[in-house]
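Structure file work16.tsv; described as TSV, C-alpha atoms.
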```tsv
chain	number	residue	atom	x	y	z
A	219	MET	CA	328.47	41.88	52.29
A	220	ALA	CA	327.13	45.15	53.65
A	221	HIS	CA	325.18	45.42	56.87
A	222	CYS	CA	321.77	46.98	57.25
A	223	PRO	CA	322.06	50.02	59.55
A	224	GLU	CA	318.58	49.31	60.87
A	225	CYS	CA	318.79	45.61	61.83
A	226	GLU	CA	322.43	44.67	61.06
A	227	ALA	CA	321.38	41.91	58.66
A	228	GLU	CA	323.87	41.00	55.96
A	229	VAL	CA	322.95	42.53	52.61
A	230	SER	CA	324.43	41.33	49.33
A	231	LEU	CA	325.42	44.05	46.87
A	232	GLN	CA	326.11	41.60	44.05
A	233	GLY	CA	325.27	43.08	40.66
A	234	LEU	CA	324.20	46.46	42.05
A	235	MET	CA	325.34	49.99	41.34
A	236	ILE	CA	326.16	52.85	43.67
A	237	GLY	CA	323.01	54.90	44.13
A	238	GLU	CA	320.60	52.00	43.71
A	239	ILE	CA	317.85	51.54	46.24
A	240	ILE	CA	317.33	48.07	47.71
A	241	TYR	CA	315.34	46.57	50.55
A	242	CYS	CA	316.88	44.83	53.53
A	243	PRO	CA	315.97	41.12	53.24
A	244	ASP	CA	315.32	40.95	57.00
A	245	CYS	CA	313.64	44.18	58.10
A	246	ASN	CA	312.59	45.57	54.68
A	247	ALA	CA	314.23	48.95	55.37
A	248	GLU	CA	314.85	50.97	52.21
A	249	LEU	CA	318.60	51.17	51.69
A	250	GLU	CA	320.83	53.14	49.34
A	251	VAL	CA	324.02	51.53	48.03
A	252	LEU	CA	326.93	53.79	48.98
A	253	ASN	CA	330.03	51.72	48.24
A	254	LEU	CA	330.72	48.49	46.40
A	255	GLU	CA	334.46	48.05	47.04
A	256	GLU	CA	333.97	48.25	50.78
A	257	PRO	CA	330.31	47.22	50.82
A	258	GLN	CA	328.26	49.87	52.52
A	259	VAL	CA	324.59	50.86	52.57
A	260	ALA	CA	322.70	53.60	54.38
A	261	LEU	CA	319.04	54.21	55.07
A	262	ALA	CA	317.65	55.70	51.85
A	263	PRO	CA	316.59	59.34	51.96
A	264	GLN	CA	312.90	59.98	52.44
A	265	VAL	CA	310.96	61.05	49.37
A	266	GLU	CA	310.91	64.84	49.21
A	267	GLU	CA	308.16	67.09	47.95
A	268	ASP	CA	309.98	68.02	44.75
A	269	TRP	CA	310.79	64.45	43.72
A	270	GLY	CA	309.27	63.11	40.56
A	271	GLU	CA	308.95	63.70	36.88
B	231	MET	CA	331.61	61.12	22.50
B	232	ARG	CA	331.36	61.31	26.27
B	233	LEU	CA	328.13	61.84	28.16
B	234	ALA	CA	327.26	62.42	31.79
B	235	ILE	CA	324.06	61.33	33.48
B	236	LEU	CA	323.09	63.43	36.45
B	237	THR	CA	321.21	61.34	39.02
B	238	SER	CA	319.90	61.45	42.55
B	239	ARG	CA	319.38	57.72	42.82
B	240	ILE	CA	319.72	54.90	40.34
B	241	ARG	CA	316.22	53.83	39.39
B	242	VAL	CA	315.15	51.35	36.73
B	243	GLU	CA	315.15	54.15	34.15
B	244	GLU	CA	318.75	55.14	34.88
B	245	LYS	CA	319.87	51.50	34.74
B	246	LEU	CA	318.20	51.11	31.35
B	247	LEU	CA	319.92	54.24	30.05
B	248	ILE	CA	323.26	53.02	31.38
B	249	GLU	CA	322.75	49.62	29.71
B	250	ALA	CA	321.91	51.36	26.43
B	251	LEU	CA	325.09	53.44	26.66
B	252	ARG	CA	327.17	50.33	27.37
B	253	ARG	CA	325.63	48.46	24.44
B	254	ARG	CA	326.73	51.29	22.16
B	255	ALA	CA	330.17	51.51	23.79
B	256	ILE	CA	329.64	55.19	24.54
B	257	ASP	CA	331.88	56.63	27.22
B	258	PHE	CA	329.85	58.04	30.10
B	259	ALA	CA	329.93	59.01	33.75
B	260	VAL	CA	327.18	58.86	36.35
B	261	ILE	CA	327.24	61.94	38.56
B	262	ASP	CA	325.32	62.04	41.84
B	263	ASP	CA	323.70	65.45	42.31
B	264	ALA	CA	324.45	65.22	46.05
B	265	GLU	CA	328.16	65.39	45.23
B	266	LEU	CA	327.95	68.65	43.27
B	267	LEU	CA	329.56	71.87	44.41
B	268	PHE	CA	329.54	74.68	41.88
B	269	ASP	CA	331.75	77.76	42.11
B	270	LEU	CA	329.53	79.87	39.93
B	271	ALA	CA	332.12	82.33	38.61
B	272	ARG	CA	334.77	79.64	38.19
B	273	PRO	CA	333.40	76.81	36.08
B	274	ASP	CA	334.89	73.43	36.87
B	275	GLU	CA	336.93	72.26	33.89
B	276	ARG	CA	335.72	68.70	34.36
B	277	TRP	CA	332.42	69.56	32.71
B	278	ARG	CA	334.28	70.27	29.47
B	279	ALA	CA	335.01	66.56	29.29
B	280	TYR	CA	331.35	65.88	28.44
B	281	ASP	CA	329.68	66.50	25.12
B	282	ALA	CA	326.34	66.60	26.90
B	283	VAL	CA	324.73	66.05	30.28
B	284	LEU	CA	321.45	64.17	30.56
B	285	CYS	CA	319.59	65.27	33.67
B	286	ARG	CA	317.88	62.41	35.49
B	287	SER	CA	317.78	63.92	38.98
B	288	VAL	CA	314.72	62.72	40.83
B	289	SER	CA	314.75	66.06	42.65
B	290	GLN	CA	313.17	68.64	40.38
B	291	SER	CA	314.76	71.57	42.21
B	292	ARG	CA	318.26	70.07	42.19
B	293	GLY	CA	317.96	69.08	38.55
B	294	LEU	CA	316.74	72.49	37.44
B	295	ALA	CA	319.43	74.35	39.40
B	296	ALA	CA	322.14	72.12	37.93
B	297	LEU	CA	320.77	72.63	34.40
B	298	HIS	CA	320.82	76.41	34.81
B	299	ILE	CA	324.41	76.35	35.99
B	300	LEU	CA	325.64	73.87	33.39
B	301	GLU	CA	324.04	75.85	30.58
B	302	HIS	CA	325.67	78.97	32.01
B	303	MET	CA	329.00	77.15	31.72
B	304	GLY	CA	328.28	76.34	28.10
B	305	VAL	CA	327.54	72.65	28.63
B	306	THR	CA	324.91	71.04	26.37
B	307	VAL	CA	322.14	69.64	28.56
B	308	PHE	CA	318.98	67.59	28.07
B	309	ASN	CA	316.39	68.85	28.60
B	310	SER	CA	317.24	72.53	28.60
B	311	ALA	CA	316.80	74.54	31.78
B	312	ALA	CA	314.05	76.61	30.15
B	313	VAL	CA	312.05	73.56	29.08
B	314	THR	CA	312.53	71.88	32.46
B	315	ALA	CA	311.49	75.05	34.31
B	316	LEU	CA	308.29	75.26	32.26
B	317	CYS	CA	307.42	71.62	32.78
B	318	ASN	CA	308.22	71.62	36.51
B	319	ASP	CA	305.65	74.35	37.08
B	320	LYS	CA	302.02	73.62	36.19
B	321	LEU	CA	301.17	77.31	35.94
B	322	LEU	CA	303.97	77.95	33.44
B	323	THR	CA	303.04	74.82	31.48
B	324	THR	CA	299.41	75.90	31.26
B	325	LEU	CA	300.40	79.38	30.09
B	326	ALA	CA	302.70	77.91	27.43
B	327	LEU	CA	299.90	75.63	26.18
B	328	ILE	CA	297.41	78.49	26.04
B	329	ARG	CA	299.96	80.65	24.23
B	330	ALA	CA	300.40	77.88	21.65
B	331	GLY	CA	296.65	77.53	21.20
B	332	LEU	CA	296.58	73.96	22.51
B	333	PRO	CA	293.49	72.69	24.31
B	334	THR	CA	294.03	72.17	28.02
B	335	PRO	CA	291.55	71.93	30.89
B	336	ARG	CA	290.21	75.33	31.90
B	337	THR	CA	292.30	76.53	34.82
B	338	MET	CA	291.94	79.29	37.38
B	339	LEU	CA	294.56	80.64	39.72
B	340	ALA	CA	294.01	82.53	42.97
B	341	PHE	CA	296.13	83.61	45.92
B	342	ASP	CA	293.31	84.18	48.38
B	343	GLU	CA	291.02	81.51	49.80
B	344	GLN	CA	287.82	83.44	49.05
B	345	ARG	CA	288.90	84.17	45.49
B	346	ALA	CA	289.73	80.49	45.10
B	347	ILE	CA	286.22	79.53	46.23
B	348	GLN	CA	284.85	82.04	43.72
B	349	GLY	CA	286.93	80.45	40.94
B	350	ILE	CA	285.94	76.92	41.94
B	351	GLU	CA	282.25	77.80	41.84
B	352	GLU	CA	282.65	79.56	38.52
B	353	LEU	CA	284.15	76.38	37.07
B	354	GLY	CA	281.53	74.26	38.82
B	355	TYR	CA	281.98	71.16	40.96
B	356	PRO	CA	283.88	68.93	40.74
B	357	VAL	CA	287.23	70.66	40.22
B	358	VAL	CA	290.79	69.56	40.85
B	359	LEU	CA	293.18	71.43	43.13
B	360	LYS	CA	296.85	70.81	42.38
B	361	PRO	CA	300.09	72.15	43.77
B	362	VAL	CA	301.83	74.15	41.03
B	363	THR	CA	304.91	72.04	41.61
B	364	GLY	CA	304.58	68.38	42.39
B	365	SER	CA	304.65	64.98	40.86
B	366	TRP	CA	303.52	61.37	41.04
B	367	GLY	CA	299.95	62.49	41.59
B	368	ARG	CA	300.68	63.72	45.09
B	369	LEU	CA	298.46	66.23	46.84
B	370	LEU	CA	295.89	66.29	44.08
B	371	ALA	CA	292.42	66.93	45.44
B	372	ARG	CA	289.15	66.38	43.63
B	373	ILE	CA	286.74	68.88	45.12
B	374	ASN	CA	283.14	67.75	44.90
B	375	ASP	CA	281.42	70.43	46.97
B	376	ARG	CA	281.89	73.65	48.90
B	377	ASP	CA	282.62	71.87	52.18
B	378	ALA	CA	285.53	70.03	50.60
B	379	ALA	CA	286.76	73.21	48.90
B	380	GLU	CA	286.83	75.15	52.16
B	381	ALA	CA	288.56	72.29	54.01
B	382	VAL	CA	291.28	71.67	51.43
B	383	LEU	CA	291.95	75.37	50.87
B	384	GLU	CA	292.28	75.88	54.63
B	385	HIS	CA	294.70	72.95	54.82
B	386	GLN	CA	296.73	74.39	51.93
B	387	GLU	CA	296.85	77.80	53.62
B	388	THR	CA	297.67	76.44	57.05
B	389	LEU	CA	299.83	73.38	56.45
B	390	GLY	CA	301.37	73.99	53.04
B	391	SER	CA	304.53	75.82	52.09
B	392	TYR	CA	304.20	79.19	50.34
B	393	GLN	CA	303.86	77.32	47.04
B	394	HIS	CA	300.63	75.74	48.30
B	395	HIS	CA	299.20	79.22	48.85
B	396	ILE	CA	299.04	79.59	45.08
B	397	HIS	CA	295.72	77.90	44.35
B	398	TYR	CA	295.81	76.21	40.95
B	399	ILE	CA	292.26	75.17	40.16
B	400	GLN	CA	291.59	72.93	37.18
B	401	GLN	CA	288.33	71.93	35.55
B	402	TYR	CA	287.63	68.26	36.31
B	403	VAL	CA	287.64	66.21	33.11
B	404	ALA	CA	285.36	63.17	33.09
B	405	LYS	CA	287.90	61.00	31.32
B	406	PRO	CA	287.09	57.36	30.53
B	407	GLN	CA	288.92	55.89	33.58
B	408	ARG	CA	292.20	56.40	31.77
B	409	ASP	CA	294.53	59.00	30.41
B	410	ILE	CA	297.22	58.88	27.74
B	411	ARG	CA	300.92	59.23	28.42
B	412	ALA	CA	302.74	59.95	25.16
B	413	PHE	CA	306.51	60.01	24.82
B	414	VAL	CA	307.81	62.67	22.48
B	415	VAL	CA	311.46	62.59	21.51
B	416	GLY	CA	312.48	65.46	19.29
B	417	ASP	CA	309.88	65.86	16.57
B	418	ARG	CA	308.01	62.56	16.89
B	419	THR	CA	305.84	60.67	19.31
B	420	VAL	CA	307.77	57.42	19.77
B	421	CYS	CA	305.05	55.60	21.71
B	422	ALA	CA	302.12	56.11	24.04
B	423	ILE	CA	300.33	54.21	26.75
B	424	TYR	CA	296.91	54.26	28.31
B	425	ARG	CA	297.02	54.52	32.09
B	426	THR	CA	293.85	52.96	33.39
B	427	SER	CA	292.59	53.10	36.94
B	428	GLU	CA	289.30	52.95	38.80
B	429	HIS	CA	290.65	55.91	40.76
B	430	TRP	CA	290.33	59.33	39.15
B	431	VAL	CA	294.10	59.81	39.55
B	432	THR	CA	295.69	57.71	36.81
B	433	ASN	CA	299.40	58.03	37.57
B	434	THR	CA	301.32	54.74	37.44
B	435	ALA	CA	302.94	55.88	40.69
B	436	ARG	CA	299.41	55.57	42.12
B	437	GLY	CA	298.81	52.10	40.73
B	438	ALA	CA	297.32	52.70	37.28
B	439	VAL	CA	297.62	49.80	34.81
B	440	THR	CA	299.40	50.48	31.53
B	441	SER	CA	298.56	49.27	28.02
B	442	ASN	CA	299.59	50.28	24.53
B	443	CYS	CA	297.93	53.33	23.01
B	444	PRO	CA	298.20	53.30	19.20
B	445	ILE	CA	299.64	56.55	17.87
B	446	SER	CA	297.27	57.99	15.31
B	447	PRO	CA	298.53	60.82	13.08
B	448	GLU	CA	296.20	63.10	15.08
B	449	LEU	CA	297.70	62.05	18.43
B	450	ASP	CA	301.23	62.39	17.05
B	451	ARG	CA	300.57	65.92	15.77
B	452	PHE	CA	298.84	66.87	19.01
B	453	CYS	CA	301.65	65.62	21.23
B	454	THR	CA	304.50	67.02	19.14
B	455	ARG	CA	302.74	70.40	19.15
B	456	ALA	CA	302.47	70.16	22.93
B	457	ALA	CA	306.16	69.34	23.19
B	458	GLN	CA	307.06	72.29	20.96
B	459	ALA	CA	304.86	74.55	23.08
B	460	VAL	CA	307.26	74.10	26.00
B	461	GLY	CA	310.40	74.18	23.87
B	462	GLY	CA	310.80	70.55	22.79
B	463	GLY	CA	313.21	67.82	23.75
B	464	ILE	CA	312.59	64.52	25.54
B	465	LEU	CA	309.15	64.87	27.03
B	466	ALA	CA	306.19	62.90	28.34
B	467	ILE	CA	302.86	64.45	27.48
B	468	ASP	CA	299.85	63.61	29.63
B	469	VAL	CA	296.67	63.78	27.55
B	470	LEU	CA	293.05	63.63	28.69
B	471	GLU	CA	290.20	62.45	26.48
B	472	ASP	CA	287.29	64.73	27.18
B	473	PRO	CA	283.93	63.46	25.88
B	474	GLN	CA	282.97	66.99	24.74
B	475	GLN	CA	286.23	68.80	24.03
B	476	GLY	CA	288.32	65.94	22.62
B	477	LEU	CA	292.01	65.69	23.46
B	478	LEU	CA	293.36	68.02	26.15
B	479	VAL	CA	296.96	68.40	27.29
B	480	ASN	CA	297.02	67.95	31.03
B	481	GLU	CA	300.69	68.11	31.98
B	482	ILE	CA	304.14	67.74	30.43
B	483	ASN	CA	307.03	66.00	32.18
B	484	ALA	CA	310.66	66.89	31.48
B	485	THR	CA	312.36	64.08	33.42
B	486	MET	CA	310.08	61.32	32.30
B	487	GLU	CA	309.75	57.92	33.88
B	488	PHE	CA	309.24	55.11	31.41
B	489	ARG	CA	309.82	51.78	33.13
B	490	ASN	CA	306.16	50.74	32.79
B	491	SER	CA	305.87	51.84	29.17
B	492	ILE	CA	308.46	49.73	27.37
B	493	ALA	CA	306.72	46.35	27.71
B	494	PRO	CA	303.22	47.43	26.60
B	495	THR	CA	304.49	49.48	23.64
B	496	GLY	CA	307.43	47.32	22.61
B	497	VAL	CA	309.40	50.52	22.05
B	498	ASP	CA	312.93	50.85	23.39
B	499	ILE	CA	312.41	54.28	24.96
B	500	PRO	CA	315.92	54.68	26.41
B	501	ALA	CA	317.37	53.88	22.96
B	502	ALA	CA	315.15	56.54	21.40
B	503	MET	CA	316.28	59.02	24.05
B	504	LEU	CA	319.95	58.27	23.37
B	505	ASP	CA	319.46	58.42	19.59
B	506	TYR	CA	318.07	61.90	20.03
B	507	VAL	CA	320.81	63.09	22.42
B	508	LEU	CA	323.56	61.72	20.19
B	509	SER	CA	322.07	63.20	17.03
B	510	GLN	CA	321.67	66.59	18.69
B	511	VAL	CA	325.25	66.52	19.96
B	512	ARG	CA	326.58	65.48	16.56
B	513	GLU	CA	324.64	68.29	14.93
B	514	GLY	CA	326.02	70.66	17.54
B	515	VAL	CA	322.58	71.71	18.61
B	516	ALA	CA	322.58	73.06	22.13
B	517	LEU	CA	318.99	73.06	23.34
```
Re-express the file's structure as structure tokens.
Amino acid sequence: MAHCPECEAEVSLQGLMIGEIIYCPDCNAELEVLNLEEPQVALAPQVEEDWGE
Amino acid sequence: MRLAILTSRIRVEEKLLIEALRRRAIDFAVIDDAELLFDLARPDERWRAYDAVLCRSVSQSRGLAALHILEHMGVTVFNSAAVTALCNDKLLTTLALIRAGLPTPRTMLAFDEQRAIQGIEELGYPVVLKPVTGSWGRLLARINDRDAAEAVLEHQETLGSYQHHIHYIQQYVAKPQRDIRAFVVGDRTVCAIYRTSEHWVTNTARGAVTSNCPISPELDRFCTRAAQAVGGGILAIDVLEDPQQGLLVNEINATMEFRNSIAPTGVDIPAAMLDYVLSQVREGVAL
């Protein structure tokens, strides 16, 4: 289990990939999966002006 | 065969591409663009391990910079830096379409607020102001009258970056509450969707509903010509249906999103993308 950096809720990383974006089940913060072996997430980067197709 | 996928974050599209690679047992690596450090005069040998790199960076500027450098190193990339640069910039896209003789909404460009007003009034209200770089329908403004024109232009001049001081002014097309997003892979249009919305902006990122758009021979020819106009590759062509002028190419996307287009069309878009990449690599065609 990883822990949400915003609210410290436990976040399961089962079946995910590094770089995926998920939502904290408790506080709904947008989180980026950083590590699967030592489960770790961080607040996802904000959308930047040049993001997109 | 070994491929690399360059990403910023793993979205649905990247997961679908990864699944498609796994199904075919193709060796691949996922490379996060945030991890890259290029020594420009000393190419990293690790890139030689890949037969091609598929750019899926969500950041247009990161993706384009990486493509330029990888091409410089002799790495085969999809899409090419030249094609991506054209598609990332609405001005360059419009010029390429005009050069190819393809119909596109009439567009004016001005650097000065007063000249922009002059251009807007020459086109006639309403018009659409767009940033020359941008995506997901952000910062588009439909300008219905002079008051709105003056307000938005002042905001662009005051609040925008230098890129927003280039005023790209497009004729408003009274499309039938939808546009067409066509997916061109190589020399064929593999599928297309209608994007329908009550809002004049019909991007799926802005909530438009998708449905299948049958590909007529006319639409196929039109979209493949549009793709060739920017250099070809794996491209999403945005087409407007103008009641008077017929089909118009609006924009072309070089790092296309397709998650909402597989179900309505029944076409395995990531498989078509991989088929193309693999065939190009096998033929030794560096785009």
When you get a sec, could you note down which chain B residues fall within 7 Å of chain A, using all atoms listed in the file, as a ChimeraX atom specification?
-> /B:239-241,288-291,364-366,483-487
Need the neighbours of (318.7, 59.5, 60.2): which residues are at most 12 Å away, counting all atoms listed in the file, as a count of residues only?
-> 8
Which neighbours of stretch 445-459 of chain B fall inside 6 Å, counting only C-alpha atoms, when residues of the same chain fewer than 6 positions from it are skipped, and could you give them as a list in words?
->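 Residues meeting the cut-off are Ala326, Leu327, Ala330 and Thr419 of chain B.
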List the neighbours of A:Val229 out to 10 Å using all atoms listed in the file; skip same-chain residues closer than 4 positions along the sequence, and give me the result as a short mmCIF file (atom, residue, chain, number, x, y, z; two decimals) with C-alpha atoms, in the coordinates of the input.
```
data_model
loop_
_atom_site.label_atom_id
_atom_site.label_comp_id
_atom_site.auth_asym_id
_atom_site.auth_seq_id
_atom_site.Cartn_x
_atom_site.Cartn_y
_atom_site.Cartn_z
CA MET A 219 328.47 41.88 52.29
CA ALA A 220 327.13 45.15 53.65
CA HIS A 221 325.18 45.42 56.87
CA CYS A 222 321.77 46.98 57.25
CA ILE A 240 317.33 48.07 47.71
CA TYR A 241 315.34 46.57 50.55
CA CYS A 242 316.88 44.83 53.53
CA PRO A 243 315.97 41.12 53.24
CA ASP A 244 315.32 40.95 57.00
CA LEU A 249 318.60 51.17 51.69
CA PRO A 257 330.31 47.22 50.82
CA GLN A 258 328.26 49.87 52.52
CA VAL A 259 324.59 50.86 52.57
#
```
Provide the atom CA of B:Ala438 to atom CA of B:Tyr424 distance in Å, to one decimal place.
->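 Interatomic distance, atom CA of B:Ala438 to atom CA of B:Tyr424: 9.1 Å.
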So which residues touch stretch 488-493 of chain B within 7 Å, counting all atoms listed in the file, skipping near sequence neighbours fewer than 4 positions away, as a PyMOL selection string?
-> chain B and resi 242-243+423+440+497-499
Atom CA of B:Thr363 to atom CA of B:Cys317: how many Å, to one decimal?
->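 Computed distance, atom CA of B:Thr363 to atom CA of B:Cys317, equals 9.2 Å.
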